[in-house]
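The data block below is protein-v8.txt; it holds compact mmCIF, C-alpha atoms.
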```
# COMPACT_ATOMS: atom_id res chain seq x y z
CA MET A 1 -5.98 5.19 17.28
CA LYS A 2 -6.68 8.20 19.50
CA ILE A 3 -9.15 8.20 22.40
CA PHE A 4 -12.65 9.58 21.84
CA HIS A 5 -15.27 10.90 24.26
CA CYS A 6 -18.92 11.75 23.80
CA ASN A 7 -19.19 15.52 23.34
CA HIS A 8 -22.45 15.53 25.30
CA CYS A 9 -21.55 13.62 28.47
CA GLN A 10 -17.78 12.91 28.15
CA GLN A 11 -18.33 9.15 28.28
CA LEU A 12 -15.47 7.15 26.77
CA VAL A 13 -16.51 5.94 23.29
CA PHE A 14 -14.78 3.90 20.64
CA PHE A 15 -14.08 4.33 16.94
CA GLU A 16 -16.79 1.88 15.83
CA ASN A 17 -19.57 3.15 18.16
CA ILE A 18 -22.84 4.56 16.80
CA GLN A 19 -24.45 5.51 20.12
CA CYS A 20 -23.22 6.66 23.51
CA VAL A 21 -24.12 4.02 26.09
CA LYS A 22 -24.43 6.66 28.83
CA CYS A 23 -26.52 9.49 27.37
CA GLY A 24 -27.93 7.76 24.29
CA HIS A 25 -26.78 10.40 21.78
CA ALA A 26 -26.06 9.27 18.26
CA LEU A 27 -22.38 9.18 17.36
CA ALA A 28 -20.56 9.51 14.06
CA TYR A 29 -16.98 9.88 12.96
CA LEU A 30 -16.34 13.28 11.38
CA PRO A 31 -13.32 12.86 9.07
CA ASP A 32 -12.86 16.61 8.65
CA GLN A 33 -12.52 16.93 12.45
CA VAL A 34 -10.62 13.63 12.99
CA LEU A 35 -13.14 12.98 15.73
CA LEU A 36 -15.87 10.58 16.80
CA ALA A 37 -18.53 13.01 17.98
CA SER A 38 -22.05 13.17 19.37
CA LEU A 39 -24.77 14.46 17.07
CA GLU A 40 -27.90 16.54 17.42
CA PRO A 41 -30.63 15.97 14.78
CA LEU A 42 -31.76 18.93 12.67
CA GLY A 43 -34.23 16.99 10.54
CA ASP A 44 -34.11 15.70 6.95
CA ASN A 45 -30.97 13.62 7.75
CA LEU A 46 -29.05 16.74 8.77
CA TRP A 47 -27.05 16.75 11.97
CA ARG A 48 -24.90 19.10 13.97
CA SER A 49 -22.20 18.29 16.48
CA PRO A 50 -20.78 20.32 19.40
CA ALA A 51 -17.40 19.46 17.89
CA ALA A 52 -18.14 21.60 14.82
CA GLU A 53 -21.10 23.88 15.53
CA ASP A 54 -20.58 25.89 12.35
CA ARG A 55 -20.98 22.81 10.15
CA THR A 56 -23.85 20.45 9.32
CA TYR A 57 -23.53 16.81 8.34
CA ARG A 58 -25.41 13.95 6.75
CA LEU A 59 -24.96 10.35 7.78
CA CYS A 60 -23.19 8.20 5.21
CA GLU A 61 -25.78 6.28 3.22
CA ASN A 62 -24.20 3.04 4.44
CA TYR A 63 -24.84 4.32 7.97
CA SER A 64 -28.43 5.51 7.62
CA ARG A 65 -29.60 2.76 5.23
CA GLU A 66 -27.33 -0.28 5.60
CA ASN A 67 -25.98 0.12 9.16
CA VAL A 68 -22.46 -0.96 8.16
CA CYS A 69 -20.81 2.44 8.61
CA ASN A 70 -20.64 5.12 11.32
CA TRP A 71 -19.11 8.03 9.40
CA ALA A 72 -20.70 11.36 8.49
CA VAL A 73 -20.45 13.43 5.34
CA PRO A 74 -20.34 17.26 5.32
CA ALA A 75 -23.74 18.50 4.18
CA ASP A 76 -22.19 20.43 1.29
CA ASP A 77 -20.60 17.26 -0.10
CA PRO A 78 -22.95 15.94 -2.81
CA HIS A 79 -21.74 12.34 -2.53
CA PRO A 80 -24.09 10.07 -0.52
CA LEU A 81 -21.22 7.96 0.81
CA CYS A 82 -18.42 8.87 3.21
CA GLN A 83 -14.76 9.05 2.27
CA SER A 84 -14.21 5.41 3.22
CA CYS A 85 -17.35 3.83 1.75
CA ARG A 86 -16.94 5.51 -1.64
CA LEU A 87 -13.72 3.53 -2.07
CA THR A 88 -15.76 0.30 -2.17
CA ARG A 89 -17.10 -0.38 -5.65
CA VAL A 90 -18.19 -4.04 -5.28
CA ILE A 91 -20.01 -5.36 -2.23
CA PRO A 92 -21.18 -8.90 -1.46
CA ASP A 93 -24.59 -10.30 -2.45
CA LEU A 94 -26.57 -9.22 0.61
CA ASP A 95 -29.31 -11.79 -0.07
CA ARG A 96 -26.93 -14.55 1.01
CA PRO A 97 -26.85 -15.41 4.74
CA GLY A 98 -23.91 -13.93 6.62
CA ARG A 99 -22.80 -11.68 3.78
CA LYS A 100 -23.93 -8.42 5.35
CA GLU A 101 -22.11 -9.26 8.58
CA ALA A 102 -18.98 -10.02 6.57
CA TRP A 103 -19.34 -6.76 4.65
CA TYR A 104 -19.62 -4.88 7.95
CA ARG A 105 -16.39 -6.43 9.22
CA MET A 106 -14.68 -5.52 5.94
CA GLU A 107 -15.75 -1.89 6.25
CA VAL A 108 -14.67 -1.71 9.91
CA ALA A 109 -11.17 -2.83 8.96
CA LYS A 110 -11.06 -0.45 6.00
CA ARG A 111 -12.13 2.54 8.09
CA ARG A 112 -9.30 1.88 10.55
CA LEU A 113 -6.89 1.74 7.62
CA ILE A 114 -8.23 4.98 6.11
CA TYR A 115 -7.91 6.74 9.47
CA THR A 116 -4.19 5.93 9.57
CA LEU A 117 -3.55 6.76 5.91
CA VAL A 118 -5.17 10.18 6.26
CA ASN A 119 -3.12 10.94 9.36
CA LEU A 120 0.03 9.96 7.47
CA ARG A 121 -1.01 12.39 4.70
CA LEU A 122 -0.80 9.72 2.00
CA PRO A 123 -2.67 10.13 -1.33
CA LEU A 124 -6.15 8.63 -1.11
CA ALA A 125 -8.37 9.32 -4.12
CA ASN A 126 -11.07 6.95 -5.30
CA LYS A 127 -11.31 5.55 -8.83
CA THR A 128 -14.27 7.76 -9.70
CA ASP A 129 -12.42 10.98 -8.92
CA ASP A 130 -9.07 9.75 -10.25
CA PRO A 131 -9.58 6.82 -12.68
CA GLU A 132 -5.88 6.51 -13.47
CA ARG A 133 -4.30 6.63 -10.02
CA GLY A 134 -7.26 6.22 -7.67
CA LEU A 135 -8.11 3.36 -5.34
CA ALA A 136 -11.06 0.94 -5.34
CA TYR A 137 -12.05 -2.07 -3.24
CA GLU A 138 -13.94 -5.16 -4.35
CA PHE A 139 -15.24 -7.55 -1.71
CA LEU A 140 -15.87 -10.88 -3.43
CA ALA A 141 -16.91 -14.36 -2.29
CA ASP A 142 -15.66 -17.65 -3.68
CA PRO A 143 -17.99 -19.12 -6.33
CA ASP A 144 -20.42 -21.87 -5.31
CA ASP A 145 -18.91 -24.23 -7.89
CA PRO A 146 -16.10 -26.09 -6.07
CA ASN A 147 -14.30 -26.57 -9.38
CA ALA A 148 -14.22 -22.84 -10.15
CA PRO A 149 -11.11 -20.87 -9.18
CA PRO A 150 -11.35 -19.14 -5.81
CA VAL A 151 -11.23 -15.39 -5.33
CA LEU A 152 -7.66 -14.25 -4.77
CA THR A 153 -7.00 -11.40 -2.40
CA GLY A 154 -4.66 -8.99 -4.13
CA HIS A 155 -3.97 -5.67 -5.82
CA ASP A 156 -4.01 -4.75 -9.51
CA ASN A 157 -3.54 -1.18 -10.71
CA GLY A 158 -5.34 0.46 -7.80
CA VAL A 159 -8.06 -2.20 -7.44
CA ILE A 160 -7.81 -4.18 -4.21
CA THR A 161 -9.77 -7.42 -4.03
CA ILE A 162 -10.43 -8.99 -0.63
CA ASN A 163 -11.88 -12.50 -0.38
CA LEU A 164 -14.94 -12.37 1.85
CA ALA A 165 -13.76 -15.53 3.61
CA GLU A 166 -11.10 -13.42 5.36
CA ALA A 167 -13.92 -11.83 7.40
CA ASP A 168 -14.73 -15.28 8.85
CA ASP A 169 -12.56 -15.75 11.93
CA ALA A 170 -12.66 -19.56 11.81
CA GLU A 171 -11.84 -19.74 8.10
CA ARG A 172 -9.07 -17.17 8.42
CA GLU A 173 -7.53 -19.14 11.28
CA ARG A 174 -7.74 -22.34 9.22
CA ARG A 175 -5.84 -20.63 6.40
CA ARG A 176 -3.30 -19.18 8.81
CA GLN A 177 -2.48 -22.64 10.13
CA GLN A 178 -2.51 -24.18 6.67
CA LEU A 179 0.06 -21.64 5.45
CA GLY A 180 2.10 -21.74 8.66
CA GLU A 181 1.68 -18.02 9.30
CA PRO A 182 2.22 -16.60 12.82
CA TYR A 183 -0.12 -13.67 12.13
CA ARG A 184 -3.17 -13.28 9.88
CA THR A 185 -5.90 -10.69 10.48
CA LEU A 186 -8.47 -8.92 8.35
CA LEU A 187 -6.91 -5.54 9.10
CA GLY A 188 -3.52 -7.02 8.26
CA HIS A 189 -4.81 -7.92 4.78
CA PHE A 190 -5.99 -4.36 4.22
CA ARG A 191 -2.65 -2.97 5.33
CA HIS A 192 -0.68 -5.39 3.18
CA GLU A 193 -2.64 -4.80 -0.02
CA ILE A 194 -2.56 -1.03 0.35
CA GLY A 195 1.21 -1.43 0.50
CA HIS A 196 1.16 -2.69 -3.09
CA TYR A 197 -0.92 0.32 -4.09
CA TYR A 198 1.56 2.72 -2.49
CA TRP A 199 4.50 0.98 -4.14
CA ASP A 200 2.95 2.08 -7.43
CA ARG A 201 2.27 5.60 -6.11
CA LEU A 202 5.47 6.27 -4.15
CA ILE A 203 8.24 4.02 -5.49
CA LYS A 204 7.57 2.98 -9.09
CA ASP A 205 9.15 5.39 -11.59
CA SER A 206 10.38 7.61 -8.73
CA ARG A 207 13.81 8.69 -7.60
CA ARG A 208 13.44 6.19 -4.71
CA ILE A 209 13.58 3.14 -6.97
CA ASP A 210 17.35 2.59 -6.74
CA ASP A 211 17.33 2.80 -2.95
CA PHE A 212 14.35 0.41 -2.94
CA ARG A 213 16.22 -2.15 -5.04
CA HIS A 214 19.28 -1.85 -2.81
CA LEU A 215 17.23 -2.79 0.28
CA PHE A 216 14.43 -5.02 -1.04
CA GLY A 217 15.87 -6.45 -4.25
CA ASP A 218 15.04 -6.07 -7.93
CA GLU A 219 11.26 -6.11 -8.44
CA ARG A 220 11.78 -6.91 -12.13
CA LEU A 221 12.29 -10.53 -11.06
CA ASP A 222 9.46 -12.64 -12.53
CA TYR A 223 6.67 -12.35 -9.95
CA SER A 224 4.65 -15.46 -10.85
CA GLU A 225 7.74 -17.64 -10.92
CA ALA A 226 8.92 -16.20 -7.60
CA LEU A 227 5.61 -17.02 -5.90
CA LYS A 228 5.60 -20.52 -7.38
CA ASN A 229 9.09 -21.13 -6.03
CA HIS A 230 8.09 -19.70 -2.65
CA TYR A 231 5.21 -22.13 -2.18
CA ASN A 232 7.10 -25.13 -3.59
CA ARG A 233 10.15 -24.90 -1.39
CA ALA A 234 10.74 -25.22 2.35
CA PRO A 235 11.47 -21.99 4.24
CA SER A 236 15.15 -21.14 4.37
CA ALA A 237 16.64 -21.43 7.82
CA ASP A 238 17.82 -17.82 7.89
CA TRP A 239 14.84 -15.91 6.47
CA GLN A 240 14.28 -14.10 9.78
CA GLU A 241 17.72 -12.53 9.43
CA HIS A 242 16.59 -10.61 6.35
CA TYR A 243 12.78 -10.34 6.25
CA ILE A 244 9.88 -9.29 8.43
CA SER A 245 7.94 -12.45 7.52
CA HIS A 246 8.54 -15.59 5.53
CA TYR A 247 6.14 -14.40 2.84
CA ALA A 248 8.21 -11.24 2.47
CA SER A 249 11.06 -13.41 1.17
CA SER A 250 9.05 -14.45 -1.90
CA HIS A 251 9.57 -11.31 -4.00
CA PRO A 252 10.63 -7.66 -3.46
CA TRP A 253 7.04 -6.48 -4.01
CA GLU A 254 5.83 -8.74 -1.19
CA ASP A 255 8.75 -7.70 0.98
CA TRP A 256 7.68 -4.06 0.55
CA ALA A 257 3.99 -4.83 1.18
CA GLU A 258 4.73 -6.84 4.32
CA THR A 259 7.07 -4.13 5.60
CA PHE A 260 4.59 -1.36 4.77
CA ALA A 261 1.82 -3.23 6.62
CA HIS A 262 4.11 -3.71 9.60
CA TYR A 263 4.88 -0.01 9.69
CA LEU A 264 1.13 0.71 9.85
CA HIS A 265 0.81 -1.81 12.69
CA MET A 266 3.49 0.08 14.58
CA VAL A 267 2.13 3.57 13.96
CA ASP A 268 -1.43 2.70 14.94
CA THR A 269 -0.46 0.70 18.03
CA LEU A 270 1.91 3.40 19.26
CA GLU A 271 -0.71 6.08 18.76
CA THR A 272 -3.16 4.01 20.82
CA ALA A 273 -0.61 3.43 23.58
CA ALA A 274 0.26 7.13 23.72
CA ALA A 275 -3.41 8.17 23.71
CA TRP A 276 -4.01 6.00 26.76
CA GLY A 277 -1.01 7.55 28.53
CA LEU A 278 0.92 4.30 28.61
CA ALA A 279 4.32 4.63 30.28
CA LEU A 280 6.71 1.72 30.44
CA ARG A 281 9.33 0.84 33.01
CA PRO A 282 11.78 -1.66 31.50
CA PRO A 283 13.76 -3.95 33.81
CA GLU A 284 16.63 -1.44 34.02
CA ALA A 285 14.18 0.88 35.83
CA ASN A 286 14.63 3.65 33.27
CA GLU A 287 11.17 5.00 32.68
CA LEU A 288 10.19 5.26 29.04
CA SER A 289 7.20 7.38 28.15
CA LEU A 290 5.77 7.08 24.68
CA LYS A 291 6.28 10.31 22.78
CA LEU A 292 3.83 9.99 19.91
CA GLY A 293 2.16 13.35 19.40
CA ARG A 294 -1.08 14.32 17.69
CA PRO A 295 -2.06 11.98 14.84
CA GLU A 296 -1.38 14.58 12.16
CA LYS A 297 2.19 14.87 13.46
CA VAL A 298 2.93 11.15 13.06
CA PRO A 299 5.12 11.56 9.95
CA GLU A 300 7.23 14.18 11.75
CA ARG A 301 8.56 11.74 14.33
CA SER A 302 12.02 10.40 13.72
CA PHE A 303 12.22 6.72 12.95
CA ASP A 304 14.67 6.25 15.80
CA GLU A 305 12.04 7.54 18.25
CA LEU A 306 9.41 5.26 16.78
CA ILE A 307 11.51 2.10 16.95
CA GLU A 308 12.77 3.00 20.44
CA ASP A 309 9.18 3.12 21.65
CA TRP A 310 8.07 0.08 19.70
CA PHE A 311 10.08 -2.70 21.34
CA PRO A 312 8.89 -2.05 24.93
CA VAL A 313 5.28 -1.98 23.71
CA THR A 314 5.69 -5.38 22.05
CA TYR A 315 7.08 -6.81 25.28
CA VAL A 316 4.04 -5.59 27.18
CA LEU A 317 1.62 -6.87 24.52
CA ASN A 318 3.13 -10.35 24.58
CA THR A 319 3.40 -10.50 28.37
CA LEU A 320 -0.25 -9.46 28.78
CA ASN A 321 -1.35 -12.10 26.28
CA ARG A 322 0.66 -14.80 28.02
CA GLY A 323 -0.98 -13.79 31.28
CA MET A 324 -4.34 -14.50 29.63
CA GLY A 325 -3.13 -17.81 28.24
CA LEU A 326 -3.17 -16.47 24.66
CA PRO A 327 -0.54 -16.65 21.91
CA ASP A 328 1.82 -13.72 21.56
CA ALA A 329 0.08 -10.66 20.14
CA TYR A 330 3.32 -9.74 18.39
CA PRO A 331 4.91 -12.90 16.95
CA PHE A 332 7.71 -11.14 15.07
CA VAL A 333 11.46 -10.72 15.39
CA LEU A 334 12.87 -7.59 13.78
CA SER A 335 16.36 -8.09 12.38
CA THR A 336 18.60 -5.18 11.41
CA PRO A 337 17.77 -5.55 7.68
CA ALA A 338 14.04 -5.58 8.50
CA ILE A 339 14.44 -2.45 10.63
CA ASN A 340 16.31 -0.74 7.80
CA LYS A 341 13.42 -1.53 5.46
CA LEU A 342 10.95 -0.10 7.99
CA ARG A 343 13.10 3.03 8.11
CA PHE A 344 12.87 3.27 4.33
CA VAL A 345 9.05 3.07 4.51
CA HIS A 346 9.03 5.78 7.17
CA GLU A 347 11.30 8.06 5.15
CA THR A 348 9.29 7.45 1.98
CA ILE A 349 6.06 8.48 3.69
CA LEU A 350 7.73 11.47 5.34
CA GLY A 351 9.30 12.47 2.04
CA TYR A 352 5.97 12.35 0.23
CA ALA A 353 4.30 14.47 2.94
CA HIS A 354 7.06 17.09 2.65
CA GLU A 355 6.88 17.10 -1.14
CA GLN A 356 3.16 17.86 -0.99
CA HIS A 357 3.58 20.73 1.47
```

Could you take the file, read its structure, and then write that structure out as C-alpha cells?
Amino acid sequence: MKIFHCNHCQQLVFFENIQCVKCGHALAYLPDQVLLASLEPLGDNLWRSPAAEDRTYRLCENYSRENVCNWAVPADDPHPLCQSCRLTRVIPDLDRPGRKEAWYRMEVAKRRLIYTLVNLRLPLANKTDDPERGLAYEFLADPDDPNAPPVLTGHDNGVITINLAEADDAERERRRQQLGEPYRTLLGHFRHEIGHYYWDRLIKDSRRIDDFRHLFGDERLDYSEALKNHYNRAPSADWQEHYISHYASSHPWEDWAETFAHYLHMVDTLETAAAWGLALRPPEANELSLKLGRPEKVPERSFDELIEDWFPVTYVLNTLNRGMGLPDAYPFVLSTPAINKLRFVHETILGYAHEQH
C-alpha cells in the first residue's frame, strides 16, 4: 500500500480514513487516480478534489448511506456503488447485532484486495457486467439452527462466499488454533479465495496448464476425496519442503490458491515498505534498499528482485514482533519448490498484463 497525504494540509492519512484529523476535510479514495484525496463539496452529493480538479465525484452509496465504505465514484458513472462495493451481491442481515460491524470489516479487507488486483492489472469485472466470467461476493452468517450445516468459505464459478464469523477476531483465532494454522486473517481469506477465481481465469484451459501441473500437480485429482484425506491424516513430516502451507498440500487447486495469496502478501507488504522509504542493513553490512516502484509498475519487476527484497523484510517484521512480545508476523519458511511456485504466479500475472497490452 502506498502512502497518502491530505491534499489540503498534507497531513499523513491512511487508506481507510474518511476525514483528515488535522484540517477536518472529508476524504475518499479515488480509484481512477489511485489516490486517497481530500474533497470539497459542490452540493447534491457532488464533490471535487484538488487531486483531479477537472473531474467531479459522488460518494459511494455505501459511504454516504451505510458508512461502510470510503470510495468515490466518478459523477458520470451511473452506478451508485464504487468499483469494490458493486462486487458484493449479498450482505449480512443488518438488523442483527454486530452484523454491520462485521460487514464493514469485510469491505475493508476487500478494498485492500481490490487495490492490489487493480495495480497488478488483473481482470476484475463484476457478475452484472460479465455474468459468465465476472466476480461476486456473498457475505453469509451461519444459520441459527445448530444442526444446520455451517456456511463454508469458498469459491464457485466466480462467486466467493466468506463466512461472517471470519470477521470476528476471537472466533477466527479459535478456528486458527483448532486447525493448527500459523496464520489466519480476514484479508488472507480474501486473497486465498481470489486465487481460485484467477486459476479459472488465467490457468484453466490456457497454454499455462502443463507448466502448472508440472509444478503444482494434476488438478484433475478428485478434490473432495483429497480434502477428506487431508483432514483425516496427520501432516507429513516433510510438507514444508514442498509447500507454502500445510493446507497447500491437500490438492493442487489449494496449493495454487495458497501460493497466489502469499504472492499478494509479498507484493502489498513490499509496496508499503518501499513507500515508507524502508532501507535494510543485513548483518553483512551490505545496505539493501527496497526497489519497488510505482504501484502500476509492480508486474514489471523481476521475480528475483522481489524475492531478494522479501527475505530481509520478513526478518525485520518478525524481529519487531518479538520485541513487542508478539508471535512472528511472518510464520512461514519458503522452500525452493515454494519459491518456484511463487515465480510461476508472478510470471502468470506478468504474462497476462503483457497479453492485454

Restricting the calculation to all atoms listed in the file: of A:Tyr198, A:Ser250, A:Pro182, A:His346, which residue gets closest to Pro327 of chain A?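 Selected residue with least distance to Pro327 of chain A: A:Pro182.
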
One-decimal distance in Å that lies between atom CA of Thr314 of chain A and atom CA of Tyr330 of chain A: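 Computed distance, atom CA of Tyr330 of chain A to atom CA of Thr314 of chain A, equals 6.2 Å.
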
So what do you get for atom CA of Asn70 of chain A versus atom CA of Arg201 of chain A, distance-wise?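 Atom CA of Arg201 of chain A lies 28.8 Å from atom CA of Asn70 of chain A.
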
Residues within 8 Å of Leu59 of chain A, please, as a list of chain:residue names. Count all atoms listed in the file; anything in the same chain fewer than 3 positions from it doesn't count. A:Ala28, A:Asn45, A:Leu46, A:Trp47, A:Tyr63, A:Ser64, A:Asn70, A:Trp71, A:Ala72, A:Val73

Quick check, in Å to one decimal: how far apart do atom CA of Arg89 of chain A and atom CA of Leu140 of chain A lie?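 Taking atom CA of Arg89 of chain A and atom CA of Leu140 of chain A, their separation equals 10.8 Å.
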
Any idea what's packed within 8 Å of Pro92 of chain A, counting all atoms listed in the file, ignoring anything in its chain fewer than 6 positions away? Could you give it as a PyMOL selection string? chain A and resi 99-100+103+139-141+164

Neighbour residues at most 12 Å from (-12.5, -15.5, 10.6) (all atoms listed in the file) as a ChimeraX atom specification: /A:101-102,105-106,163-176,184-187

Go ahead and write the selection's residues with C-alpha atoms as a CSV table (one decimal), keeping the file's coordinate frame.
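Okay, part_11.csv is ready:
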```csv
chain,number,residue,atom,x,y,z
A,101,GLU,CA,-22.1,-9.3,8.6
A,102,ALA,CA,-19.0,-10.0,6.6
A,105,ARG,CA,-16.4,-6.4,9.2
A,106,MET,CA,-14.7,-5.5,5.9
A,163,ASN,CA,-11.9,-12.5,-0.4
A,164,LEU,CA,-14.9,-12.4,1.8
A,165,ALA,CA,-13.8,-15.5,3.6
A,166,GLU,CA,-11.1,-13.4,5.4
A,167,ALA,CA,-13.9,-11.8,7.4
A,168,ASP,CA,-14.7,-15.3,8.8
A,169,ASP,CA,-12.6,-15.8,11.9
A,170,ALA,CA,-12.7,-19.6,11.8
A,171,GLU,CA,-11.8,-19.7,8.1
A,172,ARG,CA,-9.1,-17.2,8.4
A,173,GLU,CA,-7.5,-19.1,11.3
A,174,ARG,CA,-7.7,-22.3,9.2
A,175,ARG,CA,-5.8,-20.6,6.4
A,176,ARG,CA,-3.3,-19.2,8.8
A,184,ARG,CA,-3.2,-13.3,9.9
A,185,THR,CA,-5.9,-10.7,10.5
A,186,LEU,CA,-8.5,-8.9,8.4
A,187,LEU,CA,-6.9,-5.5,9.1
```

With only C-alpha atoms counted and 10 Å as the cut-off, give the residues of segment 19-116 of chain A in contact with segment 254-270 of chain A, each with its shortest interatomic distance in Å and the pair that gives it, as a tab-separated table.
```
residue	atom	partner	partner_atom	distance
A:Arg112	CA	A:Asp268	CA	9.0
A:Leu113	CA	A:Leu264	CA	8.4
A:Tyr115	CA	A:Asp268	CA	9.4
A:Thr116	CA	A:Asp268	CA	6.8
```

Counting all atoms listed in the file, I want the residues whose atoms come within 12 Å of (7.7, -12.9, -9.6) in the file frame, returned as a list in words.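 Looking at atoms near the point gives Gly217, Asp218, Glu219, Arg220, Leu221, Asp222, Tyr223, Ser224, Glu225, Ala226, Leu227, Lys228, Asn229, His230, Ser249, Ser250, His251, Pro252, Trp253, Glu254 and Asp255 of chain A.
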
Give me the residues within 8 Å of Ala275 of chain A as a list in words, counting all atoms listed in the file and dropping any in the same chain fewer than 3 places off.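 So the residues in contact are Met1, Lys2, Ile3, Glu271, Thr272 and Leu278 of chain A.
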
Return the single residue from A:Leu342, A:Val68, A:Val159, A:Leu117 that is closest to Glu132 of chain A, with distances computed using only C-alpha atoms. A:Val159

Restricting the calculation to all atoms listed in the file: of A:Arg48, A:Lys341, A:Arg207, A:Arg191, which residue gets closest to His25 of chain A?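 Of A:Arg48, A:Lys341, A:Arg207, A:Arg191, the one nearest His25 of chain A, counting all atoms listed in the file, is A:Arg48.
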
Determine the nearest neighbour of Asn119 of chain A from the options A:Asn17, A:Ser302, A:Gln33, A:Asn7, counting all atoms listed in the file.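 Ranked by minimum distance to Asn119 of chain A, first place goes to A:Gln33.
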
Fill-in result for segment 75-86 of chain A, N, CA, C and O atoms as a PDB file, in the coordinates of the input:
```
ATOM      1  N   ALA A  75     -22.487  18.296   4.907  1.00  0.00           N
ATOM      2  CA  ALA A  75     -23.740  18.500   4.180  1.00  0.00           C
ATOM      3  C   ALA A  75     -23.530  19.097   2.802  1.00  0.00           C
ATOM      4  O   ALA A  75     -24.351  18.889   1.902  1.00  0.00           O
ATOM      5  N   ASP A  76     -22.429  19.834   2.605  1.00  0.00           N
ATOM      6  CA  ASP A  76     -22.190  20.430   1.290  1.00  0.00           C
ATOM      7  C   ASP A  76     -21.466  19.497   0.334  1.00  0.00           C
ATOM      8  O   ASP A  76     -21.165  19.867  -0.800  1.00  0.00           O
ATOM      9  N   ASP A  77     -21.188  18.271   0.778  1.00  0.00           N
ATOM     10  CA  ASP A  77     -20.600  17.260  -0.100  1.00  0.00           C
ATOM     11  C   ASP A  77     -21.739  16.520  -0.792  1.00  0.00           C
ATOM     12  O   ASP A  77     -22.572  15.894  -0.132  1.00  0.00           O
ATOM     13  N   PRO A  78     -21.812  16.555  -2.126  1.00  0.00           N
ATOM     14  CA  PRO A  78     -22.950  15.940  -2.810  1.00  0.00           C
ATOM     15  C   PRO A  78     -22.934  14.422  -2.821  1.00  0.00           C
ATOM     16  O   PRO A  78     -23.953  13.799  -3.138  1.00  0.00           O
ATOM     17  N   HIS A  79     -21.816  13.804  -2.461  1.00  0.00           N
ATOM     18  CA  HIS A  79     -21.740  12.340  -2.530  1.00  0.00           C
ATOM     19  C   HIS A  79     -22.503  11.725  -1.363  1.00  0.00           C
ATOM     20  O   HIS A  79     -22.364  12.165  -0.220  1.00  0.00           O
ATOM     21  N   PRO A  80     -23.316  10.687  -1.614  1.00  0.00           N
ATOM     22  CA  PRO A  80     -24.090  10.070  -0.520  1.00  0.00           C
ATOM     23  C   PRO A  80     -23.253   9.229   0.423  1.00  0.00           C
ATOM     24  O   PRO A  80     -23.695   8.945   1.540  1.00  0.00           O
ATOM     25  N   LEU A  81     -22.054   8.821  -0.008  1.00  0.00           N
ATOM     26  CA  LEU A  81     -21.220   7.960   0.810  1.00  0.00           C
ATOM     27  C   LEU A  81     -20.051   8.736   1.418  1.00  0.00           C
ATOM     28  O   LEU A  81     -19.598   9.735   0.869  1.00  0.00           O
ATOM     29  N   CYS A  82     -19.554   8.234   2.539  1.00  0.00           N
ATOM     30  CA  CYS A  82     -18.420   8.870   3.210  1.00  0.00           C
ATOM     31  C   CYS A  82     -17.121   8.591   2.451  1.00  0.00           C
ATOM     32  O   CYS A  82     -17.083   7.796   1.498  1.00  0.00           O
ATOM     33  N   GLN A  83     -16.056   9.187   2.907  1.00  0.00           N
ATOM     34  CA  GLN A  83     -14.760   9.050   2.270  1.00  0.00           C
ATOM     35  C   GLN A  83     -14.324   7.586   2.185  1.00  0.00           C
ATOM     36  O   GLN A  83     -13.725   7.160   1.185  1.00  0.00           O
ATOM     37  N   SER A  84     -14.617   6.813   3.216  1.00  0.00           N
ATOM     38  CA  SER A  84     -14.210   5.410   3.220  1.00  0.00           C
ATOM     39  C   SER A  84     -15.110   4.557   2.339  1.00  0.00           C
ATOM     40  O   SER A  84     -14.623   3.779   1.515  1.00  0.00           O
ATOM     41  N   CYS A  85     -16.420   4.704   2.480  1.00  0.00           N
ATOM     42  CA  CYS A  85     -17.350   3.830   1.750  1.00  0.00           C
ATOM     43  C   CYS A  85     -17.298   4.066   0.244  1.00  0.00           C
ATOM     44  O   CYS A  85     -17.540   3.137  -0.534  1.00  0.00           O
ATOM     45  N   ARG A  86     -16.980   5.277  -0.189  1.00  0.00           N
ATOM     46  CA  ARG A  86     -16.940   5.510  -1.640  1.00  0.00           C
ATOM     47  C   ARG A  86     -15.744   4.852  -2.302  1.00  0.00           C
ATOM     48  O   ARG A  86     -15.661   4.810  -3.526  1.00  0.00           O
TER      49      ARG A  86
END
```
